[in-house]
Amino acid sequence: MKDAQPKAIFLKDYQTPNFWITETKLTFDLHETYADVISELVMERNVSDYPNGNDPLVLDGQCLELKSVALDGVVLAEDAYSTTAEDLTIPNLPNAFVLTVVTRIKPQENTALEGLYKSSKMFCTQCEAEGFRRITYYLDRPDVMSIFETTVMADKARYPVLLSNGNLVAEKSLADGRHLTTWHDPHKKPCYLFALVAGDLSCIEDSFTTMSGEEVALKIFVEPQNIDKCDYAMDSLKRSMKWDEEVYGREYDLNIFNIVAVDDFNMGAMENKSLNIFNSSCVLANPETATDTAYQRIEAVVAHEYFHNWSGNRVTCRDWFQLSLKEGFTVFRDAEFSADMGSRTVKRIEDATLLRTVQFAEDAGPMAHPIRPESFIEISNFYTVTIYEKGAEIVRMIHNLLGTEKFRAGSDLYFQRHDGQAVTTDEFVKAMEDASGIDLTLFRNWYRQAGTPEVHVFDAYDEDAQTYTLTLKQSCPATPESSDKEPFHIPIAIGLLDASGRELPLQLSEGGEFNENDKVIGLREREEAFVFENVPQRPTPSLLRGFSAPVKLHFPYSRDQLLFLMGHDTDGFNRWDAGQTLATNIILELAENVKSQIPLTLDERLVTVFSDLLTASVEQGAEALDKAMVANMLTLPSVAYLMEQQSPAFVHALYSAREFVKTELARQLEGLFAQVYQANKLDGDYQPHPDHMARRALKSLCLDYLMDSGNPAHIERAESQFINSNNMTDQSAALRALVNSGDTEVATSALDRFYQQWKHDPLVVNQWLSIQAASDKLCGLEQVKTLMQHDVFDWKNPNKVRAVVSVFAGQNFRHFHGEQGAGYQWLADIVIKVDGLNPQIASRLVGPLTKWKRLAPENGQWMKFALEKIQKHNKLSKDVYEVVSKTLVN
């Protein structure tokens with residue numbers, strides 16, 4: 001890309017299309033070495049927006065062999081149109097016409113996995129964001145919505161299952177052993193929601209009766225050997241459908257809903273109307289092969305894609321700058337669903353951890369962007385945690401500001417007002433305002449400003465007046481698009497605790513926004529003071545309860561105050577957060593000692609806290625204790641999170657300090673960890689029940705600590721669990737413990753045994769790869785290179801690449817950030833190689849290198865060299881070029 005730099009696309013330049021496509025009729029003739037596509041488009045000129053327009057029609061297209069073009073049934077001469085590598089242009093068109101285009105494509109050569117491609121022996125599609133242009137020439141943009149009818153023809157023996165969007169309206173046997181099916185979708189949709197699957201697949205079937213009495217056929221299609229791994233996904237789908245009816249009043253709108261599992265897939269899943277295509281890792285599960293984490297992910301992803309039927313399909317985004325309109329709203333919806341299915345507090349902890357570790361880092365990095373970006377070069381680079389997770393947090397803040405009842409009224413109005421339309425985030429916020437009567441003008445700054453706001457809180461107590469004052473100051477660091485930030489509307493949930501831990505009543509004096517029912521103060525200015533009256537003693541404040549806003553909140557808590565909040569705060573999230581803050585402060589202090597070569601000593605207060613938590617979890621009657629919460633509170637902050645708390649970040653000092661804390665806790669509390677491990681063993685068959693998952697999580701965490709205690713007896717404990725477990729959660733946890741035991745012979749033996757047991761199962765093999773790549777005890781740079789030479793590794797399979805490359809670069813801090821930047825150069829070479837196969841995956845692999853300015857110079861400079869190596873490559877995709885160029889400049 002050195003000679004022809006890609007150009008940015010800007011939101012301010014948006015214009016409606018010159019033409020609309022009202023009906024789309026597609027015919028696919030699938031063969032082993034090619035596929036012919038006949039596209040019949042009923043089109044009309046956009047005379048309402050361009051009354052005097054006579055512009056030519058320009059259709060998007062990539063990697064297509066054009067066979068013919070016909071206008072109203074008459075084949076056009078070649079000089080009546082023109083093509084480039086990116087488009088087809090036809091001038092001198094009437095205001096209404098039917099355009100028929102025949103193209104030939106080669107799905108078997110499509111390693112980018114966009115458009116129509118082959119995964120194993122199956123044809124499948126991925127059209128979001130701009131993959132449809134790899135199938136046929138089209139107006140490949142989300143604001144062009146059309147009624148689709150699709151006919152698929154293929155060899156019946158090889159591809160007995162032929163699927164597309166909508167309802168099945170015809171199926172027929174053809175000559176020469178071929179057959180066809182025809183599908184009609186009565187709901188208008190943009191082409192990014194188009195889907196097609198052809199393969200030799202088995203399916204499980206069920207049904208769901210909607211609240212209006214309509215019966216919907218539910219089918220999950222997988223390769224025959226995986227047919228026993230679909231039940232949980234089906235159960236998750238039915239629970240999602242019921243929840244969406246009960247909470248949002250949304251029912252399904254066709255007579256069939258299909259899911260297909262695909263091994264080669266760039267994303268987790270895709271919400272194509274009535275034909276959801278999933279990465280197989282998000283569908284396939286049984287106790288022997290899937291961990292609790294996999295079960296939870298399946299439930300969440302199935303729900304997410306189903307909820308898109310309304311928040312994304314029936315109402316879609318006008319342009320890709322509005323991506324968070326559908327993704328942020330739907331992530332909020334699936335998070336609420338997951339919270340209702342399990343522990344709300346634990347779900348909130350999980351979401352906040354991801355946001356504070358990954359999204360805050362993105363906000364502080366060179367690719368920082370608002371949830372409604374102003375520009376992009378390649379839209380695939382904006383499928384980010386900012387768009388999804390921060391977008392969900394912004395919807396959550398609207399929900400909290402309006403309350404449940406008014407938020408539901410707002411969503412009802414939004415769906416009613418915009419059903420069948422492609423709209424913007426402004427229209428979503430406007431519906432919320434109109435339904436609630438609450439002014440969200442200032443709140444809109446969350447949509448247009450990037451960065452993580454920082455809120456500094458100062459307190460003062462007047463004993464004579466019995467008033468307690470909280471003074472809040474907000475600011476937001478500069479980001480690439482702007483250094484001057486206007487104030488945000490920040491809802492901060494609070495509580496005031498007396499000396500015994502009781503909640504004090506909150507009575508705010510005149511001035512300041514305060515929601516008394518939800519105990520939320522609204523920070524609107526750069527600085528505001530909130531004065532609470534009738535406060536009989538100086539309280540301990542509990543701030544940002546439930547992580548009520550995606551901000552960094554600073555308050556000068558002492559370590560004793562943090563211990564007090566851990567033991568007394570009635571807000572579960574803040575109890576956990578106080579523990580994380582305490583552990584973070586201790587590790588950061590120890591990291592400075594590592595740098596200065598000062599001997600390390602662990603603050604005994606942390607040992608006491610851990611001891612109390614472990615003791616409470618095994619005391620008689622402690623069954624009511626939330627074991628998942630205990631597991632979270634006993635988990636130390638990750639190195640990735642700690643890197644965001646230190647500037648510049650000294651990776652190896654942080655790693656060493658954290659390892660010291662973990663080892664000391666394990667050594668001093670070995671007996672308690674062993675007791676809790678034993679107390680959380682489960683007898684009987686595996687159940688994917690939240691309580692059982694929580695006990696397994698706590699048990700696995702204890703085993704992890706025990707391996708650091710220095711007692712070799714725990715290796716035998718791990719080996720026993722590894723051999724005798726009846727589920728993958730326990731077996732993989734034991735394998736991870738053995739791999740990280742420091743005993744190479746034990747680790748190698750366990751890995752060999754695991755591989756021989758599961759080498760036939762690709763998803764389990766991915767776990768085998770990841771456990772090794774993440775292990776700093778076993779897997780250095782040379783070992784990871786050897787791992788990538790194993791027969792099971794496949795450069796063309798995104799799951800395999802993520803399992804090794806992303807895990808090593810993102811979790812193996814000791815070796816990836818090794819001396820002389822060897823790990824960074826290794827990653828640069830891989831990015832260049834993968835970019836030639838799959839640009840989307842390649843651009844995501846660059847992520848660890850984008851932190852170069854935040855690292856200590858001895859690491860940052862080597863990381864910069866790796867980025868410059870990528871930039872010098874003369875055949876970079878737009879995807880990689882955008883990330884690398886912005887990283888080096890911003």
# chains A, B, ... in the order shown; residues from 1 in each chain; ligands from 1
call {"tool": "residues_around", "arguments": {"residues": "region 740-757 of chain A", "least_positions_apart": "6", "cutoff": "7 Å", "atoms": "only C-alpha atoms", "output": "list in words"}}
result
Met707, Ser775, Lys777 and Leu778 of chain A
call {"tool": "residues_around", "arguments": {"residues": "region 83-95 of chain A", "least_positions_apart": "2", "cutoff": "9 Å", "atoms": "only C-alpha atoms", "output": "list in words"}}
result
Phe19, Met43, Glu44, Arg45, Asn46, Val47, Asn54, Asp55, Pro56, Leu57, Val58, Leu59, Asp60, Gly61, Gln62, Cys63, Leu64, Leu66, Leu71, Ala80, Tyr81, Phe97, Arg133, Tyr137 and Tyr138 of chain A
call {"tool": "write_last_selection", "arguments": {"atoms": "C-alpha atoms", "output": "mmCIF file, in the first residue's frame"}}
result
data_model
loop_
_atom_site.group_PDB
_atom_site.id
_atom_site.type_symbol
_atom_site.label_atom_id
_atom_site.label_comp_id
_atom_site.auth_asym_id
_atom_site.auth_seq_id
_atom_site.Cartn_x
_atom_site.Cartn_y
_atom_site.Cartn_z
ATOM 1 C CA PHE A 19 -30.957 4.125 -6.780
ATOM 2 C CA MET A 43 -34.538 -1.072 -9.274
ATOM 3 C CA GLU A 44 -35.762 2.493 -9.254
ATOM 4 C CA ARG A 45 -34.050 5.840 -9.247
ATOM 5 C CA ASN A 46 -34.104 7.785 -5.968
ATOM 6 C CA VAL A 47 -36.113 10.681 -7.386
ATOM 7 C CA ASN A 54 -29.361 11.316 -14.304
ATOM 8 C CA ASP A 55 -26.319 9.820 -12.620
ATOM 9 C CA PRO A 56 -25.054 6.406 -13.727
ATOM 10 C CA LEU A 57 -25.637 3.325 -11.596
ATOM 11 C CA VAL A 58 -22.453 2.233 -9.783
ATOM 12 C CA LEU A 59 -22.605 -1.226 -8.219
ATOM 13 C CA ASP A 60 -19.981 -2.593 -5.818
ATOM 14 C CA GLY A 61 -18.131 -5.754 -6.788
ATOM 15 C CA GLN A 62 -14.874 -7.528 -5.941
ATOM 16 C CA CYS A 63 -13.198 -10.724 -7.151
ATOM 17 C CA LEU A 64 -15.995 -11.311 -9.687
ATOM 18 C CA LEU A 66 -18.651 -10.819 -15.104
ATOM 19 C CA LEU A 71 -31.471 -4.411 -18.870
ATOM 20 C CA ALA A 80 -22.703 -0.064 -22.619
ATOM 21 C CA TYR A 81 -21.076 -0.477 -19.214
ATOM 22 C CA PHE A 97 -35.953 -1.124 -14.613
ATOM 23 C CA ARG A 133 -19.931 -7.532 -3.203
ATOM 24 C CA TYR A 137 -22.546 -6.641 -8.221
ATOM 25 C CA TYR A 138 -24.831 -4.771 -5.829
#
call {"tool": "residues_around", "arguments": {"residues": "Asp264 (chain A)", "least_positions_apart": "3", "cutoff": "8 Å", "atoms": "only C-alpha atoms", "output": "MDAnalysis selection string"}}
result
chainID A and resid 113 119:120 279 796:799
call {"tool": "closest_residue", "arguments": {"among": "A:Pro142, A:Val831, A:Pro287, A:Ala578", "to": "Val764 (chain A)", "atoms": "only C-alpha atoms"}}
result
A:Pro287
call {"tool": "select_by_dssp", "arguments": {"residues": "region 466-585 of chain A", "states": "strand (DSSP E)", "output": "VMD selection string"}}
result
chain A and resid 467 to 475 490 to 497 513 to 515 520 to 523 527 to 532 540 to 543 552 to 554
call {"tool": "residues_around", "arguments": {"residues": "region 709-723 of chain A", "least_positions_apart": "4", "cutoff": "8 Å", "atoms": "only C-alpha atoms", "output": "VMD selection string"}}
result
chain A and resid 663 to 664 666 to 667 670 703 705 730 to 735 737 to 738 741
call {"tool": "residues_around", "arguments": {"residues": "Gly312 (chain A)", "least_positions_apart": "4", "cutoff": "10 Å", "atoms": "only C-alpha atoms", "output": "PDB file with all heavy atoms, in the first residue's frame"}}
result
ATOM      1  N   LYS A 189     -34.516  -6.294   3.869  1.00  0.00           N
ATOM      2  CA  LYS A 189     -33.251  -6.320   4.598  1.00  0.00           C
ATOM      3  C   LYS A 189     -32.129  -5.832   3.686  1.00  0.00           C
ATOM      4  O   LYS A 189     -32.225  -5.919   2.454  1.00  0.00           O
ATOM      5  CB  LYS A 189     -32.928  -7.730   5.082  1.00  0.00           C
ATOM      6  CG  LYS A 189     -32.667  -8.761   3.987  1.00  0.00           C
ATOM      7  CD  LYS A 189     -32.224 -10.082   4.602  1.00  0.00           C
ATOM      8  CE  LYS A 189     -31.976 -11.136   3.540  1.00  0.00           C
ATOM      9  NZ  LYS A 189     -33.237 -11.641   2.963  1.00  0.00           N
ATOM     10  N   LEU A 193     -27.231  -8.925   5.445  1.00  0.00           N
ATOM     11  CA  LEU A 193     -27.954  -9.950   6.188  1.00  0.00           C
ATOM     12  C   LEU A 193     -28.296 -11.164   5.328  1.00  0.00           C
ATOM     13  O   LEU A 193     -28.996 -12.075   5.783  1.00  0.00           O
ATOM     14  CB  LEU A 193     -29.236  -9.364   6.790  1.00  0.00           C
ATOM     15  CG  LEU A 193     -29.023  -8.357   7.923  1.00  0.00           C
ATOM     16  CD1 LEU A 193     -30.333  -7.680   8.302  1.00  0.00           C
ATOM     17  CD2 LEU A 193     -28.398  -9.025   9.145  1.00  0.00           C
ATOM     18  N   GLU A 271     -26.019 -12.710  12.437  1.00  0.00           N
ATOM     19  CA  GLU A 271     -27.459 -12.704  12.658  1.00  0.00           C
ATOM     20  C   GLU A 271     -28.290 -12.713  11.389  1.00  0.00           C
ATOM     21  O   GLU A 271     -29.438 -12.263  11.412  1.00  0.00           O
ATOM     22  CB  GLU A 271     -27.841 -11.469  13.482  1.00  0.00           C
ATOM     23  CG  GLU A 271     -27.743 -10.128  12.751  1.00  0.00           C
ATOM     24  CD  GLU A 271     -26.417  -9.425  12.890  1.00  0.00           C
ATOM     25  OE1 GLU A 271     -25.434 -10.098  13.265  1.00  0.00           O
ATOM     26  OE2 GLU A 271     -26.332  -8.211  12.635  1.00  0.00           O
ATOM     27  N   ASN A 272     -27.769 -13.222  10.273  1.00  0.00           N
ATOM     28  CA  ASN A 272     -28.536 -13.239   9.029  1.00  0.00           C
ATOM     29  C   ASN A 272     -29.992 -13.630   9.282  1.00  0.00           C
ATOM     30  O   ASN A 272     -30.269 -14.582   9.999  1.00  0.00           O
ATOM     31  CB  ASN A 272     -27.937 -14.266   8.057  1.00  0.00           C
ATOM     32  CG  ASN A 272     -26.432 -14.200   8.009  1.00  0.00           C
ATOM     33  OD1 ASN A 272     -25.853 -13.213   7.604  1.00  0.00           O
ATOM     34  ND2 ASN A 272     -25.797 -15.288   8.428  1.00  0.00           N
ATOM     35  N   LYS A 273     -30.895 -12.910   8.653  1.00  0.00           N
ATOM     36  CA  LYS A 273     -32.319 -13.102   8.912  1.00  0.00           C
ATOM     37  C   LYS A 273     -32.726 -14.563   8.751  1.00  0.00           C
ATOM     38  O   LYS A 273     -32.597 -15.147   7.672  1.00  0.00           O
ATOM     39  CB  LYS A 273     -33.134 -12.224   7.946  1.00  0.00           C
ATOM     40  CG  LYS A 273     -34.633 -12.279   8.149  1.00  0.00           C
ATOM     41  CD  LYS A 273     -35.051 -11.561   9.421  1.00  0.00           C
ATOM     42  CE  LYS A 273     -36.563 -11.613   9.598  1.00  0.00           C
ATOM     43  NZ  LYS A 273     -37.024 -10.868  10.759  1.00  0.00           N
ATOM     44  N   GLU A 305     -27.401 -13.167  18.860  1.00  0.00           N
ATOM     45  CA  GLU A 305     -27.795 -13.225  17.445  1.00  0.00           C
ATOM     46  C   GLU A 305     -29.303 -13.281  17.297  1.00  0.00           C
ATOM     47  O   GLU A 305     -29.867 -12.688  16.371  1.00  0.00           O
ATOM     48  CB  GLU A 305     -27.137 -14.426  16.759  1.00  0.00           C
ATOM     49  CG  GLU A 305     -25.619 -14.473  16.886  1.00  0.00           C
ATOM     50  CD  GLU A 305     -24.924 -13.186  16.477  1.00  0.00           C
ATOM     51  OE1 GLU A 305     -25.445 -12.450  15.616  1.00  0.00           O
ATOM     52  OE2 GLU A 305     -23.841 -12.904  17.023  1.00  0.00           O
ATOM     53  N   TYR A 306     -29.989 -13.969  18.212  1.00  0.00           N
ATOM     54  CA  TYR A 306     -31.448 -13.996  18.121  1.00  0.00           C
ATOM     55  C   TYR A 306     -32.028 -12.605  18.395  1.00  0.00           C
ATOM     56  O   TYR A 306     -32.938 -12.149  17.687  1.00  0.00           O
ATOM     57  CB  TYR A 306     -32.064 -15.011  19.088  1.00  0.00           C
ATOM     58  CG  TYR A 306     -33.569 -14.909  19.062  1.00  0.00           C
ATOM     59  CD1 TYR A 306     -34.286 -15.407  17.971  1.00  0.00           C
ATOM     60  CD2 TYR A 306     -34.262 -14.215  20.049  1.00  0.00           C
ATOM     61  CE1 TYR A 306     -35.667 -15.244  17.892  1.00  0.00           C
ATOM     62  CE2 TYR A 306     -35.635 -14.049  19.973  1.00  0.00           C
ATOM     63  CZ  TYR A 306     -36.338 -14.566  18.889  1.00  0.00           C
ATOM     64  OH  TYR A 306     -37.684 -14.377  18.797  1.00  0.00           O
ATOM     65  N   PHE A 307     -31.518 -11.912  19.412  1.00  0.00           N
ATOM     66  CA  PHE A 307     -32.047 -10.583  19.737  1.00  0.00           C
ATOM     67  C   PHE A 307     -31.858  -9.609  18.578  1.00  0.00           C
ATOM     68  O   PHE A 307     -32.621  -8.643  18.440  1.00  0.00           O
ATOM     69  CB  PHE A 307     -31.380 -10.027  20.988  1.00  0.00           C
ATOM     70  CG  PHE A 307     -31.666 -10.828  22.239  1.00  0.00           C
ATOM     71  CD1 PHE A 307     -30.773 -10.817  23.298  1.00  0.00           C
ATOM     72  CD2 PHE A 307     -32.814 -11.593  22.360  1.00  0.00           C
ATOM     73  CE1 PHE A 307     -31.026 -11.546  24.450  1.00  0.00           C
ATOM     74  CE2 PHE A 307     -33.082 -12.340  23.507  1.00  0.00           C
ATOM     75  CZ  PHE A 307     -32.173 -12.309  24.558  1.00  0.00           C
ATOM     76  N   HIS A 308     -30.866  -9.853  17.737  1.00  0.00           N
ATOM     77  CA  HIS A 308     -30.661  -9.004  16.559  1.00  0.00           C
ATOM     78  C   HIS A 308     -31.865  -9.037  15.613  1.00  0.00           C
ATOM     79  O   HIS A 308     -31.982  -8.134  14.770  1.00  0.00           O
ATOM     80  CB  HIS A 308     -29.430  -9.481  15.782  1.00  0.00           C
ATOM     81  CG  HIS A 308     -28.175  -8.721  16.087  1.00  0.00           C
ATOM     82  ND1 HIS A 308     -28.130  -7.350  16.162  1.00  0.00           N
ATOM     83  CD2 HIS A 308     -26.910  -9.151  16.309  1.00  0.00           C
ATOM     84  CE1 HIS A 308     -26.886  -6.966  16.425  1.00  0.00           C
ATOM     85  NE2 HIS A 308     -26.129  -8.033  16.528  1.00  0.00           N
ATOM     86  N   THR A 316     -32.462  -1.616  11.198  1.00  0.00           N
ATOM     87  CA  THR A 316     -31.023  -1.757  10.967  1.00  0.00           C
ATOM     88  C   THR A 316     -30.356  -0.393  10.928  1.00  0.00           C
ATOM     89  O   THR A 316     -30.990   0.647  11.131  1.00  0.00           O
ATOM     90  CB  THR A 316     -30.774  -2.552   9.672  1.00  0.00           C
ATOM     91  OG1 THR A 316     -29.405  -2.970   9.644  1.00  0.00           O
ATOM     92  CG2 THR A 316     -31.087  -1.718   8.434  1.00  0.00           C
ATOM     93  N   CYS A 317     -29.038  -0.384  10.694  1.00  0.00           N
ATOM     94  CA  CYS A 317     -28.289   0.877  10.718  1.00  0.00           C
ATOM     95  C   CYS A 317     -28.222   1.496   9.320  1.00  0.00           C
ATOM     96  O   CYS A 317     -28.073   0.788   8.327  1.00  0.00           O
ATOM     97  CB  CYS A 317     -26.895   0.668  11.292  1.00  0.00           C
ATOM     98  SG  CYS A 317     -25.983  -0.719  10.637  1.00  0.00           S
ATOM     99  N   LEU A 323     -22.858   1.556  13.492  1.00  0.00           N
ATOM    100  CA  LEU A 323     -22.795   0.136  13.835  1.00  0.00           C
ATOM    101  C   LEU A 323     -23.229  -0.144  15.267  1.00  0.00           C
ATOM    102  O   LEU A 323     -23.897  -1.138  15.558  1.00  0.00           O
ATOM    103  CB  LEU A 323     -21.369  -0.383  13.596  1.00  0.00           C
ATOM    104  CG  LEU A 323     -21.082  -1.849  13.905  1.00  0.00           C
ATOM    105  CD1 LEU A 323     -21.999  -2.767  13.099  1.00  0.00           C
ATOM    106  CD2 LEU A 323     -19.618  -2.178  13.626  1.00  0.00           C
ATOM    107  N   SER A 324     -22.876   0.756  16.195  1.00  0.00           N
ATOM    108  CA  SER A 324     -23.241   0.523  17.594  1.00  0.00           C
ATOM    109  C   SER A 324     -24.745   0.631  17.825  1.00  0.00           C
ATOM    110  O   SER A 324     -25.239   0.185  18.860  1.00  0.00           O
ATOM    111  CB  SER A 324     -22.509   1.502  18.513  1.00  0.00           C
ATOM    112  OG  SER A 324     -22.594   1.084  19.851  1.00  0.00           O
ATOM    113  N   LEU A 325     -25.468   1.218  16.874  1.00  0.00           N
ATOM    114  CA  LEU A 325     -26.926   1.268  16.983  1.00  0.00           C
ATOM    115  C   LEU A 325     -27.482  -0.131  17.197  1.00  0.00           C
ATOM    116  O   LEU A 325     -28.354  -0.354  18.038  1.00  0.00           O
ATOM    117  CB  LEU A 325     -27.521   1.876  15.714  1.00  0.00           C
ATOM    118  CG  LEU A 325     -29.053   1.872  15.626  1.00  0.00           C
ATOM    119  CD1 LEU A 325     -29.638   2.992  16.456  1.00  0.00           C
ATOM    120  CD2 LEU A 325     -29.512   1.984  14.181  1.00  0.00           C
ATOM    121  N   LYS A 326     -26.976  -1.071  16.405  1.00  0.00           N
ATOM    122  CA  LYS A 326     -27.465  -2.448  16.544  1.00  0.00           C
ATOM    123  C   LYS A 326     -26.619  -3.271  17.516  1.00  0.00           C
ATOM    124  O   LYS A 326     -27.150  -4.064  18.283  1.00  0.00           O
ATOM    125  CB  LYS A 326     -27.555  -3.148  15.186  1.00  0.00           C
ATOM    126  CG  LYS A 326     -26.259  -3.515  14.514  1.00  0.00           C
ATOM    127  CD  LYS A 326     -26.512  -4.116  13.125  1.00  0.00           C
ATOM    128  CE  LYS A 326     -25.240  -4.641  12.455  1.00  0.00           C
ATOM    129  NZ  LYS A 326     -24.777  -5.932  13.013  1.00  0.00           N
ATOM    130  N   GLU A 327     -25.286  -3.058  17.505  1.00  0.00           N
ATOM    131  CA  GLU A 327     -24.436  -3.917  18.318  1.00  0.00           C
ATOM    132  C   GLU A 327     -24.448  -3.513  19.792  1.00  0.00           C
ATOM    133  O   GLU A 327     -24.535  -4.359  20.679  1.00  0.00           O
ATOM    134  CB  GLU A 327     -23.016  -3.919  17.773  1.00  0.00           C
ATOM    135  CG  GLU A 327     -22.877  -4.533  16.379  1.00  0.00           C
ATOM    136  CD  GLU A 327     -23.327  -5.981  16.306  1.00  0.00           C
ATOM    137  OE1 GLU A 327     -23.531  -6.620  17.366  1.00  0.00           O
ATOM    138  OE2 GLU A 327     -23.485  -6.492  15.182  1.00  0.00           O
ATOM    139  N   PHE A 329     -26.795  -1.882  21.449  1.00  0.00           N
ATOM    140  CA  PHE A 329     -28.123  -2.182  21.983  1.00  0.00           C
ATOM    141  C   PHE A 329     -28.281  -3.685  22.209  1.00  0.00           C
ATOM    142  O   PHE A 329     -28.785  -4.133  23.249  1.00  0.00           O
ATOM    143  CB  PHE A 329     -29.183  -1.658  21.015  1.00  0.00           C
ATOM    144  CG  PHE A 329     -30.601  -1.723  21.517  1.00  0.00           C
ATOM    145  CD1 PHE A 329     -30.900  -1.904  22.861  1.00  0.00           C
ATOM    146  CD2 PHE A 329     -31.665  -1.593  20.627  1.00  0.00           C
ATOM    147  CE1 PHE A 329     -32.220  -1.960  23.314  1.00  0.00           C
ATOM    148  CE2 PHE A 329     -32.982  -1.648  21.057  1.00  0.00           C
ATOM    149  CZ  PHE A 329     -33.247  -1.837  22.406  1.00  0.00           C
ATOM    150  N   THR A 330     -27.813  -4.487  21.260  1.00  0.00           N
ATOM    151  CA  THR A 330     -27.987  -5.931  21.375  1.00  0.00           C
ATOM    152  C   THR A 330     -27.063  -6.530  22.426  1.00  0.00           C
ATOM    153  O   THR A 330     -27.448  -7.469  23.129  1.00  0.00           O
ATOM    154  CB  THR A 330     -27.784  -6.600  20.011  1.00  0.00           C
ATOM    155  OG1 THR A 330     -28.669  -5.995  19.055  1.00  0.00           O
ATOM    156  CG2 THR A 330     -28.088  -8.093  20.072  1.00  0.00           C
ATOM    157  N   ALA A 422     -33.689   1.759   7.949  1.00  0.00           N
ATOM    158  CA  ALA A 422     -32.272   1.858   8.292  1.00  0.00           C
ATOM    159  C   ALA A 422     -32.058   3.229   8.918  1.00  0.00           C
ATOM    160  O   ALA A 422     -32.253   4.248   8.249  1.00  0.00           O
ATOM    161  CB  ALA A 422     -31.410   1.687   7.045  1.00  0.00           C
TER     162      ALA A 422
END
call {"tool": "residues_around", "arguments": {"residues": "Trp852 (chain A)", "least_positions_apart": "4", "cutoff": "8 Å", "atoms": "only C-alpha atoms", "output": "list in words"}}
result
Asn859, Gly860, Gln861, Met863 and Lys864 of chain A
call {"tool": "residues_around", "arguments": {"residues": "region 504-521 of chain A", "least_positions_apart": "5", "cutoff": "7 Å", "atoms": "only C-alpha atoms", "output": "PDB file with C-alpha atoms, in the first residue's frame"}}
result
ATOM      1  CA  PRO A 491     -24.659   8.785  36.281  1.00  0.00           C
ATOM      2  CA  ILE A 492     -22.813   7.722  39.431  1.00  0.00           C
ATOM      3  CA  ALA A 493     -24.582   5.367  41.814  1.00  0.00           C
ATOM      4  CA  ILE A 494     -23.504   5.936  45.411  1.00  0.00           C
ATOM      5  CA  LEU A 496     -22.746   6.115  52.303  1.00  0.00           C
ATOM      6  CA  LEU A 497     -21.790   3.600  55.004  1.00  0.00           C
ATOM      7  CA  ASP A 498     -21.512   4.296  58.715  1.00  0.00           C
ATOM      8  CA  PHE A 530     -23.143  17.360  46.058  1.00  0.00           C
ATOM      9  CA  VAL A 531     -24.001  18.125  49.688  1.00  0.00           C
ATOM     10  CA  PHE A 532     -25.778  15.488  51.764  1.00  0.00           C
ATOM     11  CA  GLU A 533     -27.601  16.593  54.905  1.00  0.00           C
TER      12      GLU A 533
END
call {"tool": "select_by_dssp", "arguments": {"residues": "region 269-332 of chain A", "states": "helix (DSSP H, G or I)", "output": "NGL selection string"}}
result
:A and (280-282 or 292-307 or 320-332)
call {"tool": "atom_distance", "arguments": {"atom1": "CA of Met153 (chain A)", "atom2": "CA of Val98 (chain A)"}}
result
22.8 Å
call {"tool": "closest_residue", "arguments": {"among": "A:Leu600, A:Ala694, A:Leu654, A:Val429", "to": "Asn632 (chain A)", "atoms": "only C-alpha atoms"}}
result
A:Ala694
call {"tool": "closest_residue", "arguments": {"among": "A:Gln296, A:Asn534, A:Thr151, A:Gln820", "to": "Met693 (chain A)", "atoms": "only C-alpha atoms"}}
result
A:Gln296
call {"tool": "closest_atom_pairs", "arguments": {"of": "region 183-211 of chain A", "to": "region 239-251 of chain A", "cutoff": "12 Å", "atoms": "only C-alpha atoms", "output": "tab-separated table"}}
result
residue	atom	partner	partner_atom	distance
A:Ser207	CA	A:Met241	CA	11.0
A:Phe208	CA	A:Met241	CA	8.1
A:Thr209	CA	A:Lys242	CA	9.2
A:Thr210	CA	A:Glu251	CA	6.2
A:Met211	CA	A:Glu251	CA	7.0
call {"tool": "closest_residue", "arguments": {"among": "A:Glu114, A:Asp626, A:Glu644, A:Asp206", "to": "Met267 (chain A)", "atoms": "only C-alpha atoms"}}
result
A:Glu114
call {"tool": "closest_residue", "arguments": {"among": "A:Glu336, A:Glu389, A:Glu130, A:Glu868", "to": "Pro550 (chain A)", "atoms": "only C-alpha atoms"}}
result
A:Glu389
call {"tool": "atom_distance", "arguments": {"atom1": "CA of Asp340 (chain A)", "atom2": "CA of Glu288 (chain A)"}}
result
26.4 Å
